[in-house]
Each structure stands twice: as structure tokens, then as C-alpha cells.
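Participant: I'm passing along my_file_24.pdb; it holds PDB, C-alpha atoms and all ligand atoms.
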ATOM      1  CA  MET B   1      23.898 -31.608  20.881  1.00  0.00           C
ATOM      2  CA  LEU B   2      22.947 -28.254  22.390  1.00  0.00           C
ATOM      3  CA  ASN B   3      19.521 -27.121  21.156  1.00  0.00           C
ATOM      4  CA  ILE B   4      18.303 -23.811  22.568  1.00  0.00           C
ATOM      5  CA  VAL B   5      14.948 -22.133  22.087  1.00  0.00           C
ATOM      6  CA  LEU B   6      15.278 -18.366  22.506  1.00  0.00           C
ATOM      7  CA  PHE B   7      11.851 -17.018  23.345  1.00  0.00           C
ATOM      8  CA  GLY B   8      10.122 -13.707  24.012  1.00  0.00           C
ATOM      9  CA  PRO B   9       7.865 -11.068  22.492  1.00  0.00           C
ATOM     10  CA  PRO B  10       8.787  -9.164  19.313  1.00  0.00           C
ATOM     11  CA  GLY B  11      11.682  -6.843  20.056  1.00  0.00           C
ATOM     12  CA  ALA B  12      12.721  -8.687  23.232  1.00  0.00           C
ATOM     13  CA  GLY B  13      16.270  -9.209  21.940  1.00  0.00           C
ATOM     14  CA  LYS B  14      16.105 -12.730  20.484  1.00  0.00           C
ATOM     15  CA  GLY B  15      17.864 -11.860  17.228  1.00  0.00           C
ATOM     16  CA  THR B  16      20.369  -9.620  19.005  1.00  0.00           C
ATOM     17  CA  GLN B  17      21.340 -12.268  21.586  1.00  0.00           C
ATOM     18  CA  SER B  18      21.416 -15.024  18.946  1.00  0.00           C
ATOM     19  CA  GLN B  19      24.360 -13.305  17.248  1.00  0.00           C
ATOM     20  CA  ASN B  20      26.410 -13.555  20.472  1.00  0.00           C
ATOM     21  CA  LEU B  21      25.344 -17.144  21.149  1.00  0.00           C
ATOM     22  CA  ILE B  22      26.284 -18.442  17.702  1.00  0.00           C
ATOM     23  CA  ALA B  23      29.861 -17.259  18.243  1.00  0.00           C
ATOM     24  CA  ARG B  24      30.227 -18.520  21.805  1.00  0.00           C
ATOM     25  CA  TYR B  25      28.675 -21.976  21.407  1.00  0.00           C
ATOM     26  CA  ASN B  26      29.317 -22.646  17.695  1.00  0.00           C
ATOM     27  CA  LEU B  27      25.650 -23.237  16.945  1.00  0.00           C
ATOM     28  CA  VAL B  28      23.587 -22.938  13.767  1.00  0.00           C
ATOM     29  CA  HIS B  29      21.147 -20.017  13.967  1.00  0.00           C
ATOM     30  CA  LEU B  30      17.632 -20.794  12.727  1.00  0.00           C
ATOM     31  CA  SER B  31      15.442 -17.680  12.767  1.00  0.00           C
ATOM     32  CA  THR B  32      12.056 -18.259  11.147  1.00  0.00           C
ATOM     33  CA  GLY B  33      11.710 -14.484  10.692  1.00  0.00           C
ATOM     34  CA  ASP B  34      15.006 -14.380   8.731  1.00  0.00           C
ATOM     35  CA  LEU B  35      14.077 -17.498   6.717  1.00  0.00           C
ATOM     36  CA  LEU B  36      10.726 -15.932   5.790  1.00  0.00           C
ATOM     37  CA  ARG B  37      12.336 -12.587   4.865  1.00  0.00           C
ATOM     38  CA  SER B  38      14.768 -14.497   2.633  1.00  0.00           C
ATOM     39  CA  GLN B  39      11.803 -16.113   0.817  1.00  0.00           C
ATOM     40  CA  ILE B  40      10.268 -12.652   0.389  1.00  0.00           C
ATOM     41  CA  ALA B  41      13.537 -11.267  -1.008  1.00  0.00           C
ATOM     42  CA  GLN B  42      13.681 -14.144  -3.520  1.00  0.00           C
ATOM     43  CA  GLY B  43      10.069 -13.446  -4.550  1.00  0.00           C
ATOM     44  CA  THR B  44       8.921 -17.045  -4.043  1.00  0.00           C
ATOM     45  CA  GLU B  45       5.226 -17.945  -3.792  1.00  0.00           C
ATOM     46  CA  LEU B  46       5.752 -18.833  -0.122  1.00  0.00           C
ATOM     47  CA  GLY B  47       7.390 -15.430   0.412  1.00  0.00           C
ATOM     48  CA  LEU B  48       4.498 -13.571  -1.203  1.00  0.00           C
ATOM     49  CA  ARG B  49       1.974 -15.366   1.026  1.00  0.00           C
ATOM     50  CA  ALA B  50       4.090 -14.781   4.135  1.00  0.00           C
ATOM     51  CA  LYS B  51       4.661 -11.080   3.385  1.00  0.00           C
ATOM     52  CA  ARG B  52       0.945 -10.248   3.497  1.00  0.00           C
ATOM     53  CA  LEU B  53       0.668 -11.771   6.980  1.00  0.00           C
ATOM     54  CA  MET B  54       3.973 -10.453   8.341  1.00  0.00           C
ATOM     55  CA  ASP B  55       3.248  -6.885   7.215  1.00  0.00           C
ATOM     56  CA  GLU B  56       0.022  -7.044   9.239  1.00  0.00           C
ATOM     57  CA  GLY B  57       1.800  -8.447  12.315  1.00  0.00           C
ATOM     58  CA  LEU B  58       0.072 -11.840  12.034  1.00  0.00           C
ATOM     59  CA  LEU B  59       1.592 -15.325  12.272  1.00  0.00           C
ATOM     60  CA  VAL B  60       2.444 -17.320   9.153  1.00  0.00           C
ATOM     61  CA  PRO B  61       0.673 -20.759   9.083  1.00  0.00           C
ATOM     62  CA  ASP B  62       2.294 -23.487  11.181  1.00  0.00           C
ATOM     63  CA  GLU B  63       2.865 -25.883   8.264  1.00  0.00           C
ATOM     64  CA  VAL B  64       4.908 -23.240   6.395  1.00  0.00           C
ATOM     65  CA  VAL B  65       7.352 -22.516   9.225  1.00  0.00           C
ATOM     66  CA  ILE B  66       7.553 -26.161  10.339  1.00  0.00           C
ATOM     67  CA  GLY B  67       8.440 -27.156   6.755  1.00  0.00           C
ATOM     68  CA  MET B  68      11.227 -24.544   6.650  1.00  0.00           C
ATOM     69  CA  ILE B  69      12.700 -25.773   9.952  1.00  0.00           C
ATOM     70  CA  GLU B  70      12.470 -29.403   8.835  1.00  0.00           C
ATOM     71  CA  SER B  71      14.489 -28.713   5.702  1.00  0.00           C
ATOM     72  CA  GLN B  72      17.097 -26.672   7.637  1.00  0.00           C
ATOM     73  CA  LEU B  73      17.595 -29.512  10.143  1.00  0.00           C
ATOM     74  CA  ALA B  74      17.945 -32.027   7.314  1.00  0.00           C
ATOM     75  CA  SER B  75      20.664 -29.950   5.658  1.00  0.00           C
ATOM     76  CA  ASN B  76      22.664 -29.332   8.878  1.00  0.00           C
ATOM     77  CA  THR B  77      23.016 -32.849  10.307  1.00  0.00           C
ATOM     78  CA  GLN B  78      26.673 -32.246  11.286  1.00  0.00           C
ATOM     79  CA  ALA B  79      25.884 -29.187  13.472  1.00  0.00           C
ATOM     80  CA  ASN B  80      26.931 -28.978  17.160  1.00  0.00           C
ATOM     81  CA  GLY B  81      23.432 -27.742  17.876  1.00  0.00           C
ATOM     82  CA  PHE B  82      20.913 -25.040  17.010  1.00  0.00           C
ATOM     83  CA  ILE B  83      19.495 -21.787  18.290  1.00  0.00           C
ATOM     84  CA  PHE B  84      15.818 -21.588  17.447  1.00  0.00           C
ATOM     85  CA  ASP B  85      14.999 -17.863  17.297  1.00  0.00           C
ATOM     86  CA  GLY B  86      11.333 -16.894  16.917  1.00  0.00           C
ATOM     87  CA  PHE B  87      10.323 -20.552  16.659  1.00  0.00           C
ATOM     88  CA  PRO B  88       8.213 -22.200  18.054  1.00  0.00           C
ATOM     89  CA  ARG B  89       5.488 -19.549  18.261  1.00  0.00           C
ATOM     90  CA  THR B  90       2.541 -21.941  18.786  1.00  0.00           C
ATOM     91  CA  VAL B  91       2.125 -25.172  20.755  1.00  0.00           C
ATOM     92  CA  ALA B  92       1.685 -27.053  17.448  1.00  0.00           C
ATOM     93  CA  GLN B  93       5.108 -25.733  16.350  1.00  0.00           C
ATOM     94  CA  ALA B  94       6.631 -26.786  19.703  1.00  0.00           C
ATOM     95  CA  GLU B  95       5.270 -30.328  19.302  1.00  0.00           C
ATOM     96  CA  ALA B  96       6.616 -30.505  15.740  1.00  0.00           C
ATOM     97  CA  LEU B  97      10.022 -29.230  16.885  1.00  0.00           C
ATOM     98  CA  ASP B  98      10.235 -31.962  19.546  1.00  0.00           C
ATOM     99  CA  ALA B  99       9.445 -34.631  16.948  1.00  0.00           C
ATOM    100  CA  LEU B 100      11.970 -33.218  14.455  1.00  0.00           C
ATOM    101  CA  THR B 101      14.863 -32.739  16.881  1.00  0.00           C
ATOM    102  CA  GLN B 102      14.307 -36.173  18.424  1.00  0.00           C
ATOM    103  CA  ARG B 103      14.785 -37.648  14.950  1.00  0.00           C
ATOM    104  CA  TYR B 104      18.417 -36.487  15.028  1.00  0.00           C
ATOM    105  CA  ASP B 105      19.136 -36.102  18.730  1.00  0.00           C
ATOM    106  CA  THR B 106      17.612 -35.890  22.201  1.00  0.00           C
ATOM    107  CA  GLY B 107      15.465 -32.831  21.544  1.00  0.00           C
ATOM    108  CA  ILE B 108      15.508 -29.360  23.101  1.00  0.00           C
ATOM    109  CA  SER B 109      18.089 -28.706  25.863  1.00  0.00           C
ATOM    110  CA  CYS B 110      16.461 -25.572  27.288  1.00  0.00           C
ATOM    111  CA  MET B 111      14.160 -22.688  26.523  1.00  0.00           C
ATOM    112  CA  ILE B 112      15.209 -19.184  27.544  1.00  0.00           C
ATOM    113  CA  ALA B 113      12.559 -16.466  27.653  1.00  0.00           C
ATOM    114  CA  LEU B 114      13.436 -12.761  27.594  1.00  0.00           C
ATOM    115  CA  GLU B 115      10.890 -10.731  29.567  1.00  0.00           C
ATOM    116  CA  VAL B 116      10.334  -7.149  28.369  1.00  0.00           C
ATOM    117  CA  GLU B 117       7.276  -4.974  28.946  1.00  0.00           C
ATOM    118  CA  GLU B 118       5.168  -3.688  26.058  1.00  0.00           C
ATOM    119  CA  GLU B 119       6.131   0.021  26.133  1.00  0.00           C
ATOM    120  CA  GLU B 120       9.845  -0.862  25.885  1.00  0.00           C
ATOM    121  CA  LEU B 121       9.123  -3.288  22.993  1.00  0.00           C
ATOM    122  CA  VAL B 122       7.228  -0.601  21.086  1.00  0.00           C
ATOM    123  CA  LYS B 123      10.048   1.899  21.654  1.00  0.00           C
ATOM    124  CA  ARG B 124      12.752  -0.535  20.451  1.00  0.00           C
ATOM    125  CA  LEU B 125      10.869  -1.673  17.349  1.00  0.00           C
ATOM    126  CA  LEU B 126       9.912   1.870  16.262  1.00  0.00           C
ATOM    127  CA  GLU B 127      13.608   2.771  16.631  1.00  0.00           C
ATOM    128  CA  ARG B 128      14.675  -0.254  14.546  1.00  0.00           C
ATOM    129  CA  GLY B 129      11.984   0.624  11.983  1.00  0.00           C
ATOM    130  CA  LYS B 130      13.794   3.891  11.177  1.00  0.00           C
ATOM    131  CA  THR B 131      16.606   1.920   9.517  1.00  0.00           C
ATOM    132  CA  SER B 132      15.521  -1.738   9.100  1.00  0.00           C
ATOM    133  CA  GLY B 133      13.163  -1.186   6.177  1.00  0.00           C
ATOM    134  CA  ARG B 134      10.793  -3.657   7.886  1.00  0.00           C
ATOM    135  CA  VAL B 135       7.168  -2.656   7.293  1.00  0.00           C
ATOM    136  CA  ASP B 136       6.151  -4.451  10.520  1.00  0.00           C
ATOM    137  CA  ASP B 137       8.472  -2.188  12.563  1.00  0.00           C
ATOM    138  CA  GLN B 138       7.199   1.134  11.218  1.00  0.00           C
ATOM    139  CA  ASP B 139       3.643   1.390  12.470  1.00  0.00           C
ATOM    140  CA  GLU B 140       2.854   1.473  16.179  1.00  0.00           C
ATOM    141  CA  ALA B 141      -0.565  -0.156  15.728  1.00  0.00           C
ATOM    142  CA  LYS B 142       1.032  -3.116  13.904  1.00  0.00           C
ATOM    143  CA  ILE B 143       3.723  -3.466  16.556  1.00  0.00           C
ATOM    144  CA  ARG B 144       1.029  -3.559  19.257  1.00  0.00           C
ATOM    145  CA  ARG B 145      -0.861  -6.176  17.233  1.00  0.00           C
ATOM    146  CA  ARG B 146       2.308  -8.338  17.164  1.00  0.00           C
ATOM    147  CA  VAL B 147       2.528  -8.036  20.949  1.00  0.00           C
ATOM    148  CA  THR B 148      -1.162  -9.012  21.250  1.00  0.00           C
ATOM    149  CA  VAL B 149      -0.594 -12.017  18.957  1.00  0.00           C
ATOM    150  CA  TYR B 150       2.339 -12.978  21.172  1.00  0.00           C
ATOM    151  CA  ASN B 151       0.187 -12.725  24.322  1.00  0.00           C
ATOM    152  CA  THR B 152      -2.745 -14.682  22.856  1.00  0.00           C
ATOM    153  CA  GLU B 153      -1.050 -17.304  20.637  1.00  0.00           C
ATOM    154  CA  THR B 154       2.619 -17.583  21.593  1.00  0.00           C
ATOM    155  CA  ALA B 155       3.015 -16.984  25.347  1.00  0.00           C
ATOM    156  CA  GLN B 156       1.422 -20.382  26.110  1.00  0.00           C
ATOM    157  CA  VAL B 157       4.428 -22.107  24.497  1.00  0.00           C
ATOM    158  CA  ALA B 158       6.318 -21.248  27.719  1.00  0.00           C
ATOM    159  CA  GLY B 159       3.987 -23.611  29.627  1.00  0.00           C
ATOM    160  CA  TYR B 160       4.779 -26.391  27.169  1.00  0.00           C
ATOM    161  CA  TYR B 161       8.486 -26.200  28.079  1.00  0.00           C
ATOM    162  CA  ALA B 162       7.790 -25.550  31.784  1.00  0.00           C
ATOM    163  CA  ASP B 163       5.937 -28.880  31.886  1.00  0.00           C
ATOM    164  CA  GLN B 164       9.150 -30.519  30.620  1.00  0.00           C
ATOM    165  CA  GLY B 165      11.287 -28.675  33.231  1.00  0.00           C
ATOM    166  CA  LYS B 166      13.115 -26.769  30.448  1.00  0.00           C
ATOM    167  CA  PHE B 167      11.758 -23.239  30.925  1.00  0.00           C
ATOM    168  CA  HIS B 168      14.035 -20.411  32.155  1.00  0.00           C
ATOM    169  CA  SER B 169      13.158 -16.730  32.109  1.00  0.00           C
ATOM    170  CA  LEU B 170      15.194 -13.597  32.652  1.00  0.00           C
ATOM    171  CA  ASN B 171      14.821  -9.841  32.518  1.00  0.00           C
ATOM    172  CA  GLY B 172      15.440  -8.649  28.938  1.00  0.00           C
ATOM    173  CA  ILE B 173      15.989  -5.032  30.025  1.00  0.00           C
ATOM    174  CA  GLY B 174      19.571  -3.968  30.640  1.00  0.00           C
ATOM    175  CA  SER B 175      22.763  -3.901  28.611  1.00  0.00           C
ATOM    176  CA  ILE B 176      23.093  -6.440  25.782  1.00  0.00           C
ATOM    177  CA  ASP B 177      26.308  -7.750  27.412  1.00  0.00           C
ATOM    178  CA  SER B 178      24.788  -8.250  30.866  1.00  0.00           C
ATOM    179  CA  ILE B 179      21.799 -10.083  29.378  1.00  0.00           C
ATOM    180  CA  PHE B 180      24.171 -12.251  27.341  1.00  0.00           C
ATOM    181  CA  ALA B 181      26.156 -13.121  30.495  1.00  0.00           C
ATOM    182  CA  HIS B 182      22.931 -14.208  32.215  1.00  0.00           C
ATOM    183  CA  ILE B 183      21.828 -16.324  29.221  1.00  0.00           C
ATOM    184  CA  SER B 184      25.271 -17.985  29.106  1.00  0.00           C
ATOM    185  CA  GLN B 185      25.022 -18.921  32.805  1.00  0.00           C
ATOM    186  CA  ILE B 186      21.694 -20.641  32.152  1.00  0.00           C
ATOM    187  CA  ILE B 187      23.048 -22.515  29.132  1.00  0.00           C
ATOM    188  CA  ASP B 188      26.217 -23.609  30.937  1.00  0.00           C
ATOM    189  CA  LYS B 189      24.094 -25.151  33.692  1.00  0.00           C
ATOM    190  CA  ASN B 190      21.893 -26.950  31.160  1.00  0.00           C
ATOM    191  CA  GLN B 191      24.478 -28.325  28.723  1.00  0.00           C
ATOM    192  CA  PRO B 192      23.534 -31.920  27.833  1.00  0.00           C
TER     193      PRO B 192
HETATM  194  P1  LIG X   1      10.880 -12.090  13.849  1.00  0.00           P
HETATM  195  O1  LIG X   1      11.830 -11.918  12.748  1.00  0.00           O
HETATM  196  O2  LIG X   1      11.088 -13.259  14.768  1.00  0.00           O
HETATM  197  O3  LIG X   1      10.876 -10.673  14.569  1.00  0.00           O
HETATM  198  P2  LIG X   1      10.967 -10.094  16.030  1.00  0.00           P
HETATM  199  O4  LIG X   1      10.231 -10.980  16.992  1.00  0.00           O
HETATM  200  O5  LIG X   1      10.534  -8.692  15.877  1.00  0.00           O
HETATM  201  O6  LIG X   1      12.512 -10.025  16.328  1.00  0.00           O
HETATM  202  P3  LIG X   1      13.449 -10.047  17.570  1.00  0.00           P
HETATM  203  O7  LIG X   1      12.715 -10.196  18.877  1.00  0.00           O
HETATM  204  O8  LIG X   1      14.445 -11.094  17.230  1.00  0.00           O
HETATM  205  O9  LIG X   1      14.151  -8.620  17.511  1.00  0.00           O
HETATM  206  P4  LIG X   1      15.316  -8.162  18.517  1.00  0.00           P
HETATM  207  O10 LIG X   1      14.673  -8.271  19.826  1.00  0.00           O
HETATM  208  O11 LIG X   1      16.586  -8.836  18.350  1.00  0.00           O
HETATM  209  O12 LIG X   1       9.362 -12.228  13.311  1.00  0.00           O
HETATM  210  C1  LIG X   1       8.803 -11.329  12.354  1.00  0.00           C
HETATM  211  C2  LIG X   1       7.467 -11.871  11.825  1.00  0.00           C
HETATM  212  O13 LIG X   1       7.691 -13.117  11.093  1.00  0.00           O
HETATM  213  C3  LIG X   1       6.404 -12.257  12.854  1.00  0.00           C
HETATM  214  O14 LIG X   1       5.628 -11.143  13.277  1.00  0.00           O
HETATM  215  C4  LIG X   1       5.560 -13.295  12.042  1.00  0.00           C
HETATM  216  O15 LIG X   1       4.702 -12.647  11.132  1.00  0.00           O
HETATM  217  C5  LIG X   1       6.611 -14.041  11.238  1.00  0.00           C
HETATM  218  N1  LIG X   1       7.116 -15.255  11.912  1.00  0.00           N
HETATM  219  C6  LIG X   1       8.406 -15.460  12.321  1.00  0.00           C
HETATM  220  N2  LIG X   1       8.527 -16.663  12.912  1.00  0.00           N
HETATM  221  C7  LIG X   1       7.280 -17.235  12.881  1.00  0.00           C
HETATM  222  C8  LIG X   1       6.760 -18.479  13.367  1.00  0.00           C
HETATM  223  N3  LIG X   1       7.529 -19.355  13.994  1.00  0.00           N
HETATM  224  N4  LIG X   1       5.435 -18.747  13.173  1.00  0.00           N
HETATM  225  C9  LIG X   1       4.643 -17.887  12.529  1.00  0.00           C
HETATM  226  N5  LIG X   1       5.071 -16.679  12.050  1.00  0.00           N
HETATM  227  C10 LIG X   1       6.376 -16.354  12.225  1.00  0.00           C
HETATM  228  O16 LIG X   1      15.567  -6.677  18.173  1.00  0.00           O
HETATM  229  C11 LIG X   1      14.655  -5.626  18.448  1.00  0.00           C
HETATM  230  C12 LIG X   1      15.367  -4.310  18.630  1.00  0.00           C
HETATM  231  O17 LIG X   1      15.683  -4.162  20.008  1.00  0.00           O
HETATM  232  C13 LIG X   1      16.684  -4.174  17.863  1.00  0.00           C
HETATM  233  O18 LIG X   1      16.722  -2.904  17.256  1.00  0.00           O
HETATM  234  C14 LIG X   1      17.760  -4.281  18.941  1.00  0.00           C
HETATM  235  O19 LIG X   1      18.889  -3.493  18.680  1.00  0.00           O
HETATM  236  C15 LIG X   1      17.043  -3.760  20.168  1.00  0.00           C
HETATM  237  N6  LIG X   1      17.553  -4.395  21.402  1.00  0.00           N
HETATM  238  C16 LIG X   1      17.813  -5.709  21.585  1.00  0.00           C
HETATM  239  N7  LIG X   1      18.256  -5.933  22.838  1.00  0.00           N
HETATM  240  C17 LIG X   1      18.234  -4.698  23.484  1.00  0.00           C
HETATM  241  C18 LIG X   1      18.585  -4.264  24.813  1.00  0.00           C
HETATM  242  N8  LIG X   1      19.033  -5.109  25.758  1.00  0.00           N
HETATM  243  N9  LIG X   1      18.420  -2.951  25.099  1.00  0.00           N
HETATM  244  C19 LIG X   1      17.993  -2.075  24.160  1.00  0.00           C
HETATM  245  N10 LIG X   1      17.672  -2.429  22.880  1.00  0.00           N
HETATM  246  C20 LIG X   1      17.787  -3.732  22.549  1.00  0.00           C
END
Re-express the file's structure as C-alpha cells.
Ligand code: B4P

Facilitator:
Amino acid sequence: MLNIVLFGPPGAGKGTQSQNLIARYNLVHLSTGDLLRSQIAQGTELGLRAKRLMDEGLLVPDEVVIGMIESQLASNTQANGFIFDGFPRTVAQAEALDALTQRYDTGISCMIALEVEEEELVKRLLERGKTSGRVDDQDEAKIRRRVTVYNTETAQVAGYYADQGKFHSLNGIGSIDSIFAHISQIIDKNQP
């Protein structure tokens, strides 16, 4: 099974690159951001709780996102593998993901981090906010808070995978196609 963690700050290109990767490697895409937005759209209690935090640029509690991933893995046991997009965002989530994926398979194959500097992230997300309807993309202060949350709570997840020899990083600035080619090279070298 090929299990890839696509990592990086908000607006780094995780969702964008996931679309290409699903097609090329026939993987199931698990984006915790998309799963949470689907709960919000359905008006569930979980969605209402998550919306308040997401609109402020804060993380949703670990147990909520871990529970969503657990149920997605349980309902996709025949998959070739998964792309985890926007998950894990804390070390506790990374530990839970190891335990869950090892239940079905050998765990995470590799983690790929897209490196993009803050001013470019802000520019991209404000641009997306013009059409996405996402409250968290429309206010520069909230976008900067998301980047700060990434730097303080999420960036350390890279060290967790580096300790396992699974961490790879690349420049997330450039054309979407050239970045995709680079990601594919890394995956091809790390296929289980
Ligand atoms: P996400 O949905 O994961 O949102 P994101 O990080 O903003 O998206 P992404 O990084 O995928 O966007 P992309 O670069 O593709 O999370 C939203 C919120 O949900 C979080 O703030 C948090 O509240 C909550 N949440 C989600 N997961 C959680 C978890 N595990 N734990 C706790 N809370 C969680 O796209 C950005 C823009 O850049 C696009 O417009 C795209 O067109 C553009 N772009 C992409 N690549 C480009 C390139 N190479 N050049 C120019 N533009 C590019």
C-alpha cells in the first residue's frame, strides 16, 4: 500500500497537488479540511463546532479529526493507498495515524513537505478567497494566524517523520506541473 502524507502550511498547494496524485497513483484522497467542510455543509453538531474554530484559523481538536480519519480508513479497506492532505497537523495526530495505518498495512510510506514563504501563502489564499467562499481565506489577519498556528503547532510534525527517515521537502513555488513532477520523483523512489 502507498500511504503519502502531503504536508505544508496553509496555501502551500497540498489540495492542488492531491488532485494530480489521486489520478496518477490511484489513491484515495483524505483531506481533513474537506471532511470538516462537508460536516459543516450538512449542518451536523460536529460541523457547527468545527466551523467556529476554522473561521478563526484555529485547529479543530485532535479527537475529532482522528475519529474522521479512522472511519474513512475503515470504509476504504480495499484502497491501493491514501493521500493524507492536511493531516496530521499535530504530533498526537501523527502518532494516531501510525497506529491506524499499521492496523491495515505497514504505515506511512513517505511524507512530502511543500515549502512556501509566508507572503506567497497570504497572496495565494487571499486570491482563492475571492471565489472560494471560505471565510478563513478572506481576512489577512486570519490567514496570518493560520500560518502562525502552523509554525507553532504543526511544523514539528516534520521532525516526527524525519526521525523515521520518511521526511522529504521541496520548494512549493513554481508551476503546478513542475512541482508535481518533483513530488512524483520522490514517491517513485519511495514506493513500498
Ligand atoms: P485545509 O482545508 O487543509 O486548508 P489549507 O491548508 O488552506 O489548504 P491547502 O494548503 O490544501 O490549499 P492549496 O495549497 O491547495 O484546512 C482548513 C482548516 O481546517 C484549518 O485551518 C483547520 O481549522 C481545519 N483543519 C483541517 N485539518 C485539520 C487537522 N488535521 N487538525 C485540526 N484542524 C484541521 O491551495 C491554495 C491556493 O494556492 C489555491 O488557490 C491554489 O490554486 C493556489 N496554488 C497552489 N499551488 C500553486 C502554485 N504552485 N503556484 C501558485 N498558486 C498555487

Participant: Considering only C-alpha atoms and all ligand atoms, tabulate each residue of chain B that lies at most 7 Å from ligand LIG 1 (chain X) along with its nearest interatomic pair and the corresponding distance in Å to one decimal; arrange the rows by chain and ascending residue number and present them as CSV.

Facilitator:
residue,atom,partner,partner_atom,distance
B:Gly8,CA,X:LIG1,O7,6.7
B:Pro9,CA,X:LIG1,O4,6.0
B:Pro10,CA,X:LIG1,O4,3.3
B:Gly11,CA,X:LIG1,O10,3.3
B:Ala12,CA,X:LIG1,O10,3.9
B:Gly13,CA,X:LIG1,O10,2.8
B:Lys14,CA,X:LIG1,O8,4.0
B:Gly15,CA,X:LIG1,O11,3.5
B:Thr16,CA,X:LIG1,O11,3.9
B:Gln17,CA,X:LIG1,O11,6.7
B:Ser31,CA,X:LIG1,O2,6.5
B:Thr32,CA,X:LIG1,N2,4.3
B:Gly33,CA,X:LIG1,O1,3.3
B:Asp34,CA,X:LIG1,O1,5.7
B:Leu36,CA,X:LIG1,O13,6.7
B:Leu53,CA,X:LIG1,O15,5.9
B:Met54,CA,X:LIG1,O15,3.6
B:Gly57,CA,X:LIG1,O14,4.8
B:Leu58,CA,X:LIG1,O15,4.8
B:Leu59,CA,X:LIG1,N5,3.7
B:Val60,CA,X:LIG1,N5,4.0
B:Pro61,CA,X:LIG1,C9,6.0
B:Asp62,CA,X:LIG1,N4,6.0
B:Val65,CA,X:LIG1,N3,5.7
B:Asp85,CA,X:LIG1,O2,6.5
B:Gly86,CA,X:LIG1,O2,4.2
B:Phe87,CA,X:LIG1,N3,4.0
B:Pro88,CA,X:LIG1,N3,5.0
B:Arg89,CA,X:LIG1,N3,4.7
B:Arg124,CA,X:LIG1,O17,4.7
B:Leu125,CA,X:LIG1,C12,5.4
B:Glu127,CA,X:LIG1,O18,6.5
B:Arg128,CA,X:LIG1,O18,4.3
B:Arg146,CA,X:LIG1,O14,5.8
B:Gly172,CA,X:LIG1,N8,6.0
B:Ile173,CA,X:LIG1,N8,5.2
B:Gly174,CA,X:LIG1,N8,5.0
B:Ser175,CA,X:LIG1,N8,4.8
B:Ile176,CA,X:LIG1,N8,4.3
B:Ile179,CA,X:LIG1,N8,6.7

Participant: Once the PyMOL selection byres (((chain B and resi 73) around 12) and not hetatm) has been evaluated on this model, what residues remain selected, and can you format them as a PyMOL selection string?

Facilitator: chain B and resi 3+28-30+66-72+74-84+97+99-105

Participant: As an exercise, work out the distance from CA of Gln93 in chain B to CA of Glu63 in chain B in Å and give it to one decimal place.

Facilitator: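 Atom-to-atom, CA of Gln93 in chain B to CA of Glu63 in chain B, that is 8.4 Å.
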
Participant: Of the residues B:Ser178, B:Gln39, B:Gln191, B:Ser184, which is the one nearest to Val64 in chain B, using only C-alpha atoms?

Facilitator: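 When distances to Val64 in chain B are compared using only C-alpha atoms, the smallest one comes from B:Gln39.
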
Participant: Using the chain letters and numbers from the file, which residues does the PyMOL selection byres (((chain B and resi 148) around 12) and not hetatm) grab, as a list in words?

Facilitator: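 Listing what the PyMOL selection byres (((chain B and resi 148) around 12) and not hetatm) selects in the shown file: Pro9, Pro10, Gly57, Leu58, Leu59, Glu118, Leu121, Val122, Ala141, Lys142, Ile143, Arg144, Arg145, Arg146, Val147, Val149, Tyr150, Asn151, Thr152, Glu153, Thr154 and Ala155 of chain B.
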
Participant: Let me have the centre and edge lengths of the axis-aligned box enclosing all listed atoms of range 119-123 of chain B with 5 Å padding on every side, in Å to one decimal, as AutoDock Vina command-line options.

Facilitator:
--center_x 8.1 --center_y -0.7 --center_z 23.6 --size_x 13.9 --size_y 15.2 --size_z 15.0

Participant: If we count all atoms listed in the file and set the cut-off at 12 Å, which residues sit around Gly165 in chain B, ignoring sequence neighbours fewer than 3 positions away in its own chain? Please answer as a ChimeraX atom specification.

Facilitator: /B:108-112,158-162,168,190

Participant: Save out the residues we just selected, C-alpha atoms, as a short mmCIF file (atom, residue, chain, number, x, y, z; two decimals), in the coordinates of the input.

Facilitator:
data_model
loop_
_atom_site.label_atom_id
_atom_site.label_comp_id
_atom_site.auth_asym_id
_atom_site.auth_seq_id
_atom_site.Cartn_x
_atom_site.Cartn_y
_atom_site.Cartn_z
CA ILE B 108 15.51 -29.36 23.10
CA SER B 109 18.09 -28.71 25.86
CA CYS B 110 16.46 -25.57 27.29
CA MET B 111 14.16 -22.69 26.52
CA ILE B 112 15.21 -19.18 27.54
CA ALA B 158 6.32 -21.25 27.72
CA GLY B 159 3.99 -23.61 29.63
CA TYR B 160 4.78 -26.39 27.17
CA TYR B 161 8.49 -26.20 28.08
CA ALA B 162 7.79 -25.55 31.78
CA HIS B 168 14.04 -20.41 32.16
CA ASN B 190 21.89 -26.95 31.16
#

Participant: Calculated over only C-alpha atoms, which of the candidates B:Ile40, B:Ala92, B:Leu35, B:Leu2 has the smallest distance to Arg52 in chain B?

Facilitator: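 Smallest distance to Arg52 in chain B is found for B:Ile40.
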
Participant: Pick the closest to Ser18 in chain B from B:Leu114, B:Ala50, B:Ala41, B:Ala94: which is it, counting only C-alpha atoms?

Facilitator: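 Among B:Leu114, B:Ala50, B:Ala41, B:Ala94, it is B:Leu114 that comes nearest to Ser18 in chain B.
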
Participant: What is the distance between CA of Asp163 in chain B and CA of Asp177 in chain B, in Å to one decimal?

Facilitator: 29.7 Å

Participant: For a test of reading the model, state the distance in Å between CA of Val135 in chain B and CA of Arg37 in chain B, rounded to one decimal.

Facilitator: 11.5 Å

Participant: Give the answer as one residue: which of B:Leu170, B:Val116, B:Pro192, B:Glu56 has the shortest atom-to-atom distance to Asp139 in chain B, using only C-alpha atoms?

Facilitator: B:Glu56

Participant: Using only C-alpha atoms, pick whichever of B:Ala113, B:Asp136, B:Ile183, B:Tyr25 has the shortest atom-to-atom distance to Asp55 in chain B.

Facilitator: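 With only C-alpha atoms as the atom set, the closest residue is B:Asp136.
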